[in-house]
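Notes for the one structure printed next.
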Amino acid sequence: MKIRLKSRRGQSIIGFLTAAKKREKRGLDSGSEAMQQNFIVGLARAGFVTLCCLMGITLALGFGSEPWIGAFGGTGFGLFMIVIDRLLKKLSIREFSAATFGLMVGVLCAWLITQTGIFESTWMRLLKNFEAIRDLAELVVFTSMGFLGITLAVRSDREEFSFIIPYVHFRQEASRDRPILLDTNVIIDGRIEAVYDTGFMAGALIVPQFVLEELHRLADSNDAGKSERGKKGLEELKHLQAMPSSGVVVLRGEELKEEGQVDKELVRLARQLSARILSNDVNLGRVAGLQNVEVLNLNDLARALHPTVVTGDEFTLTLAKRGKEEHQAVGYLDDGTMIVVNDAVDRLGEEVPVCVVAQVQTSAGRLVFAEIQ
């Protein structure tokens, strides 16, 4: 039996989101999708400002003021909210939901503090302008607790919310079904298709936007080596997306907060999504392991799948060149292991059945000696 490793090219991988698949089938690229999103957002903003203007006019007429005053005030309020929206452009829906929940908890804690009667005590009533000072103190308490609730919630993991809400726990998905984040290096490596197609590794394949941007930066680099690597990575993603029943999901809105911190952001995102990271970077694996993030290393998988040859094994081997001794010929396994075949120099270039008779460990590696059956 001849030892062979599976081809690098697989047939397909399972997609993650139906919407992403439909976009790919329609042939929409990222540029047209971004234009469509900008158009919808712009239309919504224009409608919001118009509505604010009409509400301002209505209020002005109701209070007996001039309509143009209401129109000016309403339009100004609408533009102010648009400025706030632009400042929060990088805020994701996950962070917004966590911040809202934190605000609710902070306001609840502030309300409990005010209900203790601390601001109704005798020494507070002795102060001048007691009511004004009390109202200001309560405002400070509500503002401070709301701020602390927001910051703590945004920095917390979703599992920590079960401590705040007793008896409510987030469902822990099986490790096999958890999504997989692709690192830049492993995309360039090019072995994802074949490994994923075997079915041993399940879960959605996700490419964060900052990883895609790094591939674009490499492809546009003036350095020939970096440019070639970037183009290869983009080509690999194109192959994955072109498969009939596959689709790699590009996670939009995940941009780098600090330049050159791709690994750090990848680990942070994996913690947020309870995802795994597929990589061949040893250092990334160590950093992620310290933060309890699971990392799948393709190089570890390749080493684990190397065929182990022991004395007595029989297989076919192509004799590639002469050996050190005159009667010897040499062939190689798919993992690079050198097989020295005795009395086979006259069979160079042929594929012959051999049997392993001995093994020797040297400083240059492992030597395997065999004989023709």
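Labeling convention for the structure tokens: chains A, B, ... as they appear, residues from 1 per chain, ligands from 1 in order of appearance.
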
Among the residues of segment 168-332 of chain A, find those DSSP assigns to strand (DSSP E) from the backbone and print them as a short mmCIF file (atom, residue, chain, number, x, y, z; two decimals) with N, CA and C atoms, in the first residue's frame.
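Contents of out-v1.cif, freshly written:
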```
data_model
loop_
_atom_site.label_atom_id
_atom_site.label_comp_id
_atom_site.auth_asym_id
_atom_site.auth_seq_id
_atom_site.Cartn_x
_atom_site.Cartn_y
_atom_site.Cartn_z
N ILE A 180 -15.12 29.40 14.00
CA ILE A 180 -13.66 29.37 13.90
C ILE A 180 -13.20 30.66 13.23
N LEU A 181 -12.36 31.41 13.91
CA LEU A 181 -11.77 32.64 13.35
C LEU A 181 -10.49 32.28 12.61
N LEU A 182 -10.35 32.80 11.41
CA LEU A 182 -9.17 32.51 10.60
C LEU A 182 -8.12 33.59 10.78
N LEU A 205 -16.62 29.25 9.46
CA LEU A 205 -15.33 29.91 9.22
C LEU A 205 -15.56 31.41 9.09
N ILE A 206 -14.95 32.19 9.96
CA ILE A 206 -15.18 33.63 10.02
C ILE A 206 -13.86 34.37 9.81
N VAL A 207 -13.89 35.34 8.92
CA VAL A 207 -12.73 36.21 8.68
C VAL A 207 -13.08 37.61 9.19
N PRO A 208 -12.46 38.05 10.29
CA PRO A 208 -12.72 39.42 10.76
C PRO A 208 -12.28 40.45 9.73
N VAL A 249 -17.53 33.71 6.00
CA VAL A 249 -18.20 34.91 6.47
C VAL A 249 -17.18 35.96 6.84
N VAL A 250 -17.29 37.14 6.25
CA VAL A 250 -16.46 38.28 6.62
C VAL A 250 -17.22 39.09 7.66
N LEU A 251 -16.69 39.16 8.87
CA LEU A 251 -17.36 39.84 9.97
C LEU A 251 -17.12 41.33 9.87
N ARG A 276 -13.20 29.65 18.36
CA ARG A 276 -11.85 29.11 18.30
C ARG A 276 -11.06 29.86 17.24
N ILE A 277 -9.74 29.78 17.34
CA ILE A 277 -8.86 30.43 16.37
C ILE A 277 -8.11 29.35 15.60
N LEU A 278 -8.15 29.44 14.28
CA LEU A 278 -7.38 28.52 13.43
C LEU A 278 -6.14 29.25 12.95
N SER A 279 -4.97 28.74 13.33
CA SER A 279 -3.73 29.46 13.03
C SER A 279 -2.59 28.46 12.94
N VAL A 295 -7.09 27.32 20.43
CA VAL A 295 -6.42 27.56 19.16
C VAL A 295 -6.18 26.22 18.46
N LEU A 296 -6.59 26.13 17.21
CA LEU A 296 -6.33 24.95 16.38
C LEU A 296 -5.14 25.26 15.49
N ASN A 297 -4.06 24.50 15.63
CA ASN A 297 -2.83 24.75 14.89
C ASN A 297 -2.70 23.74 13.76
N GLU A 314 5.09 -2.62 4.92
CA GLU A 314 5.24 -2.85 3.48
C GLU A 314 4.45 -1.79 2.73
N PHE A 315 5.06 -1.19 1.73
CA PHE A 315 4.40 -0.18 0.91
C PHE A 315 5.18 -0.01 -0.38
N THR A 316 4.61 0.73 -1.31
CA THR A 316 5.30 0.99 -2.57
C THR A 316 6.03 2.32 -2.49
N LEU A 317 7.16 2.42 -3.15
CA LEU A 317 8.01 3.60 -3.05
C LEU A 317 8.67 3.87 -4.40
N THR A 318 8.72 5.15 -4.78
CA THR A 318 9.41 5.55 -6.01
C THR A 318 10.87 5.85 -5.68
N LEU A 319 11.78 5.16 -6.36
CA LEU A 319 13.21 5.34 -6.13
C LEU A 319 13.69 6.56 -6.91
N ALA A 320 14.16 7.58 -6.19
CA ALA A 320 14.46 8.87 -6.82
C ALA A 320 15.92 9.04 -7.20
N LYS A 321 16.86 8.50 -6.40
CA LYS A 321 18.29 8.74 -6.68
C LYS A 321 19.13 7.63 -6.06
N ARG A 322 20.43 7.67 -6.36
CA ARG A 322 21.37 6.71 -5.81
C ARG A 322 21.62 6.99 -4.33
N ALA A 329 19.57 2.62 -3.32
CA ALA A 329 18.75 3.65 -3.96
C ALA A 329 17.91 4.32 -2.87
N VAL A 330 17.50 5.56 -3.11
CA VAL A 330 16.80 6.35 -2.11
C VAL A 330 15.45 6.81 -2.64
N GLY A 331 14.44 6.72 -1.76
CA GLY A 331 13.12 7.27 -2.05
C GLY A 331 12.62 8.05 -0.85
N TYR A 332 11.53 8.77 -1.03
CA TYR A 332 11.02 9.64 0.05
C TYR A 332 9.53 9.43 0.24
#
```

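Coordinates place atom CA of Pro67 of chain A at a distance of 14.3 Å from atom CA of Thr50 of chain A.
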
Taking the backbone alone, and naming residues the way the document does, which bits of segment 118-337 of chain A are helix (DSSP H, G or I) by DSSP, as an mmCIF file with C-alpha atoms, in the first residue's frame?
```
data_model
loop_
_atom_site.group_PDB
_atom_site.id
_atom_site.type_symbol
_atom_site.label_atom_id
_atom_site.label_comp_id
_atom_site.auth_asym_id
_atom_site.auth_seq_id
_atom_site.Cartn_x
_atom_site.Cartn_y
_atom_site.Cartn_z
ATOM 1 C CA ILE A 118 -29.515 59.190 52.985
ATOM 2 C CA PHE A 119 -30.506 62.462 51.305
ATOM 3 C CA GLU A 120 -33.481 62.971 53.664
ATOM 4 C CA THR A 122 -31.574 65.584 59.478
ATOM 5 C CA TRP A 123 -28.115 66.981 58.759
ATOM 6 C CA MET A 124 -28.990 67.355 55.077
ATOM 7 C CA ARG A 125 -32.169 69.287 55.946
ATOM 8 C CA PHE A 130 -31.757 71.706 50.866
ATOM 9 C CA GLU A 131 -33.965 70.664 47.941
ATOM 10 C CA ALA A 132 -31.530 71.934 45.287
ATOM 11 C CA ILE A 133 -28.574 70.168 46.951
ATOM 12 C CA ARG A 134 -30.596 66.955 47.298
ATOM 13 C CA ASP A 135 -31.607 66.972 43.637
ATOM 14 C CA LEU A 136 -27.996 67.628 42.576
ATOM 15 C CA ALA A 137 -26.669 64.840 44.809
ATOM 16 C CA GLU A 138 -29.198 62.358 43.400
ATOM 17 C CA LEU A 139 -28.260 63.394 39.860
ATOM 18 C CA VAL A 140 -24.575 62.773 40.659
ATOM 19 C CA VAL A 141 -25.391 59.345 42.099
ATOM 20 C CA PHE A 142 -27.489 58.298 39.078
ATOM 21 C CA THR A 143 -24.863 59.594 36.634
ATOM 22 C CA SER A 144 -21.943 57.944 38.433
ATOM 23 C CA MET A 145 -23.619 54.558 38.851
ATOM 24 C CA GLY A 146 -24.837 54.603 35.248
ATOM 25 C CA PHE A 147 -21.311 55.342 34.036
ATOM 26 C CA LEU A 148 -19.804 52.552 36.154
ATOM 27 C CA GLY A 149 -22.471 50.110 34.985
ATOM 28 C CA ILE A 150 -21.741 50.845 31.323
ATOM 29 C CA THR A 151 -17.952 50.526 31.619
ATOM 30 C CA LEU A 152 -18.089 47.329 33.683
ATOM 31 C CA ALA A 153 -20.615 45.679 31.352
ATOM 32 C CA VAL A 154 -18.626 46.481 28.198
ATOM 33 C CA ARG A 155 -15.450 45.015 29.703
ATOM 34 C CA ARG A 158 -21.028 37.223 28.641
ATOM 35 C CA GLU A 159 -20.593 34.317 31.110
ATOM 36 C CA GLU A 160 -20.116 36.857 33.921
ATOM 37 C CA PHE A 161 -23.685 38.115 33.493
ATOM 38 C CA SER A 162 -24.921 34.882 35.092
ATOM 39 C CA PHE A 163 -23.505 36.215 38.369
ATOM 40 C CA ILE A 164 -25.679 39.316 38.066
ATOM 41 C CA SER A 175 -16.751 22.812 20.970
ATOM 42 C CA ARG A 176 -17.360 21.158 17.603
ATOM 43 C CA ASP A 177 -20.066 23.677 16.640
ATOM 44 C CA THR A 184 -3.902 35.859 8.380
ATOM 45 C CA ASN A 185 -1.105 33.266 8.272
ATOM 46 C CA VAL A 186 -3.410 30.280 8.081
ATOM 47 C CA ILE A 187 -5.336 31.832 5.171
ATOM 48 C CA ILE A 188 -2.086 32.336 3.268
ATOM 49 C CA ASP A 189 -1.060 28.755 4.156
ATOM 50 C CA ILE A 192 -7.969 25.166 5.009
ATOM 51 C CA GLU A 193 -10.143 23.776 2.210
ATOM 52 C CA ALA A 194 -8.755 20.253 2.373
ATOM 53 C CA VAL A 195 -8.832 20.049 6.178
ATOM 54 C CA TYR A 196 -12.334 21.503 6.540
ATOM 55 C CA ASP A 197 -13.675 19.317 3.744
ATOM 56 C CA GLN A 209 -12.604 42.629 8.761
ATOM 57 C CA PHE A 210 -9.203 43.591 10.181
ATOM 58 C CA VAL A 211 -7.715 40.295 8.911
ATOM 59 C CA LEU A 212 -9.092 40.995 5.435
ATOM 60 C CA GLU A 213 -7.643 44.511 5.580
ATOM 61 C CA GLU A 214 -4.253 43.112 6.562
ATOM 62 C CA LEU A 215 -4.316 40.825 3.511
ATOM 63 C CA HIS A 216 -5.076 43.861 1.332
ATOM 64 C CA ARG A 217 -2.185 45.773 2.908
ATOM 65 C CA LEU A 218 0.185 42.877 2.235
ATOM 66 C CA ALA A 219 -1.005 42.581 -1.370
ATOM 67 C CA ALA A 224 7.710 41.619 -3.398
ATOM 68 C CA GLY A 225 7.586 38.824 -0.804
ATOM 69 C CA LYS A 226 4.827 40.448 1.270
ATOM 70 C CA SER A 227 2.866 41.329 -1.846
ATOM 71 C CA GLU A 228 3.004 37.721 -3.061
ATOM 72 C CA ARG A 229 1.808 36.426 0.322
ATOM 73 C CA GLY A 230 -1.074 38.902 0.418
ATOM 74 C CA LYS A 231 -2.191 38.019 -3.102
ATOM 75 C CA LYS A 232 -2.017 34.317 -2.284
ATOM 76 C CA GLY A 233 -4.197 34.843 0.805
ATOM 77 C CA LEU A 234 -6.818 36.798 -1.154
ATOM 78 C CA GLU A 235 -6.780 34.109 -3.842
ATOM 79 C CA GLU A 236 -7.351 31.396 -1.225
ATOM 80 C CA LEU A 237 -10.359 33.292 0.159
ATOM 81 C CA LYS A 238 -11.694 33.698 -3.364
ATOM 82 C CA HIS A 239 -11.429 29.929 -3.915
ATOM 83 C CA LEU A 240 -13.287 29.221 -0.692
ATOM 84 C CA GLN A 241 -16.106 31.630 -1.554
ATOM 85 C CA ALA A 242 -16.365 30.293 -5.102
ATOM 86 C CA VAL A 262 -4.059 41.923 14.757
ATOM 87 C CA ASP A 263 -3.262 39.017 17.109
ATOM 88 C CA LYS A 264 -4.494 40.957 20.147
ATOM 89 C CA GLU A 265 -7.781 41.875 18.449
ATOM 90 C CA LEU A 266 -8.208 38.294 17.200
ATOM 91 C CA VAL A 267 -7.974 36.936 20.747
ATOM 92 C CA ARG A 268 -10.359 39.632 22.026
ATOM 93 C CA LEU A 269 -12.915 38.806 19.337
ATOM 94 C CA ALA A 270 -12.596 35.071 20.007
ATOM 95 C CA ARG A 271 -13.404 35.700 23.678
ATOM 96 C CA GLN A 272 -16.445 37.788 22.745
ATOM 97 C CA LEU A 273 -17.813 35.192 20.318
ATOM 98 C CA VAL A 282 2.957 29.338 17.821
ATOM 99 C CA ASN A 283 3.199 32.676 19.661
ATOM 100 C CA LEU A 284 -0.464 33.471 18.992
ATOM 101 C CA GLY A 285 -1.367 30.053 20.373
ATOM 102 C CA ARG A 286 0.541 30.722 23.587
ATOM 103 C CA VAL A 287 -1.027 34.154 24.126
ATOM 104 C CA ALA A 288 -4.523 32.830 23.395
ATOM 105 C CA GLY A 289 -3.991 29.855 25.699
ATOM 106 C CA LEU A 290 -3.200 32.176 28.613
ATOM 107 C CA LEU A 298 -2.570 23.322 11.374
ATOM 108 C CA ASN A 299 1.102 22.468 11.847
ATOM 109 C CA ASP A 300 0.266 20.360 14.908
ATOM 110 C CA LEU A 301 -2.380 18.566 12.863
ATOM 111 C CA ALA A 302 0.079 17.926 10.025
ATOM 112 C CA ARG A 303 2.654 16.468 12.430
ATOM 113 C CA ALA A 304 0.021 14.254 14.028
#
```

(message) When you count only C-alpha atoms, which of these residues is closest to Ile93 of chain A: A:Arg178, A:Thr311, A:Arg252, A:Ala370?
(response) A:Arg252

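Residues surrounding Thr75 of chain A within 12 Å are Arg45, Ala46, Gly47, Phe48, Val49, Thr50, Leu51, Cys52, Cys53, Leu54, Met55, Gly56, Ile57, Trp68, Ile69, Gly70, Ala71, Phe72, Gly78, Leu79, Phe80, Met81 and Ile82 of chain A [only C-alpha atoms; sequence separation below 3 positions excluded].
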
Using N, CA and C atoms, can you write the selected residues to a file as a compact mmCIF listing (two decimals), in the first residue's frame?
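As a result, selection-v2.txt now contains:
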```
# COMPACT_ATOMS: atom_id res chain seq x y z
N ARG A 45 -31.00 58.98 7.79
CA ARG A 45 -30.63 60.24 8.44
C ARG A 45 -31.45 61.40 7.89
N ALA A 46 -31.63 61.41 6.57
CA ALA A 46 -32.43 62.48 5.97
C ALA A 46 -33.87 62.43 6.46
N GLY A 47 -34.43 61.23 6.55
CA GLY A 47 -35.79 61.10 7.06
C GLY A 47 -35.90 61.51 8.51
N PHE A 48 -34.87 61.19 9.31
CA PHE A 48 -34.90 61.56 10.73
C PHE A 48 -34.85 63.08 10.90
N VAL A 49 -33.98 63.77 10.14
CA VAL A 49 -33.88 65.23 10.24
C VAL A 49 -35.19 65.88 9.79
N THR A 50 -35.80 65.36 8.72
CA THR A 50 -37.08 65.90 8.26
C THR A 50 -38.17 65.75 9.32
N LEU A 51 -38.20 64.57 9.96
CA LEU A 51 -39.18 64.32 11.00
C LEU A 51 -38.97 65.26 12.19
N CYS A 52 -37.70 65.48 12.57
CA CYS A 52 -37.40 66.40 13.67
C CYS A 52 -37.84 67.83 13.33
N CYS A 53 -37.63 68.22 12.07
CA CYS A 53 -38.04 69.55 11.62
C CYS A 53 -39.56 69.71 11.74
N LEU A 54 -40.32 68.72 11.28
CA LEU A 54 -41.78 68.78 11.35
C LEU A 54 -42.27 68.79 12.80
N MET A 55 -41.61 68.00 13.66
CA MET A 55 -41.99 67.99 15.07
C MET A 55 -41.71 69.35 15.72
N GLY A 56 -40.58 69.98 15.33
CA GLY A 56 -40.26 71.30 15.85
C GLY A 56 -41.29 72.33 15.44
N ILE A 57 -41.73 72.28 14.20
CA ILE A 57 -42.76 73.21 13.73
C ILE A 57 -44.06 73.00 14.49
N TRP A 68 -40.78 79.10 11.97
CA TRP A 68 -39.37 78.97 11.60
C TRP A 68 -38.49 78.69 12.81
N ILE A 69 -38.91 79.14 13.99
CA ILE A 69 -38.13 78.85 15.21
C ILE A 69 -38.17 77.35 15.50
N GLY A 70 -39.38 76.78 15.39
CA GLY A 70 -39.50 75.34 15.60
C GLY A 70 -38.74 74.54 14.56
N ALA A 71 -38.81 75.00 13.29
CA ALA A 71 -38.08 74.30 12.23
C ALA A 71 -36.57 74.35 12.48
N PHE A 72 -36.07 75.51 12.89
CA PHE A 72 -34.65 75.66 13.16
C PHE A 72 -34.22 74.77 14.34
N GLY A 78 -31.94 67.32 15.16
CA GLY A 78 -31.71 66.17 14.29
C GLY A 78 -30.25 66.07 13.87
N LEU A 79 -29.64 67.22 13.51
CA LEU A 79 -28.23 67.22 13.11
C LEU A 79 -27.32 66.85 14.28
N PHE A 80 -27.69 67.29 15.48
CA PHE A 80 -26.90 66.94 16.67
C PHE A 80 -26.90 65.43 16.88
N MET A 81 -28.06 64.77 16.72
CA MET A 81 -28.14 63.32 16.88
C MET A 81 -27.34 62.59 15.81
N ILE A 82 -27.26 63.16 14.59
CA ILE A 82 -26.46 62.55 13.53
C ILE A 82 -24.98 62.62 13.88
```

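Here atom CA of Asp343 of chain A is placed at a distance of 20.2 Å from atom CA of Val310 of chain A.
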
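Between atom CA of Ser97 of chain A and atom CA of Cys109 of chain A lies a distance of 18.6 Å.
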
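Each of A:His306, A:Asn342, A:Ser156, A:Val357 was compared to Gly102 of chain A using only C-alpha atoms, and A:Ser156 turns out to be the nearest.
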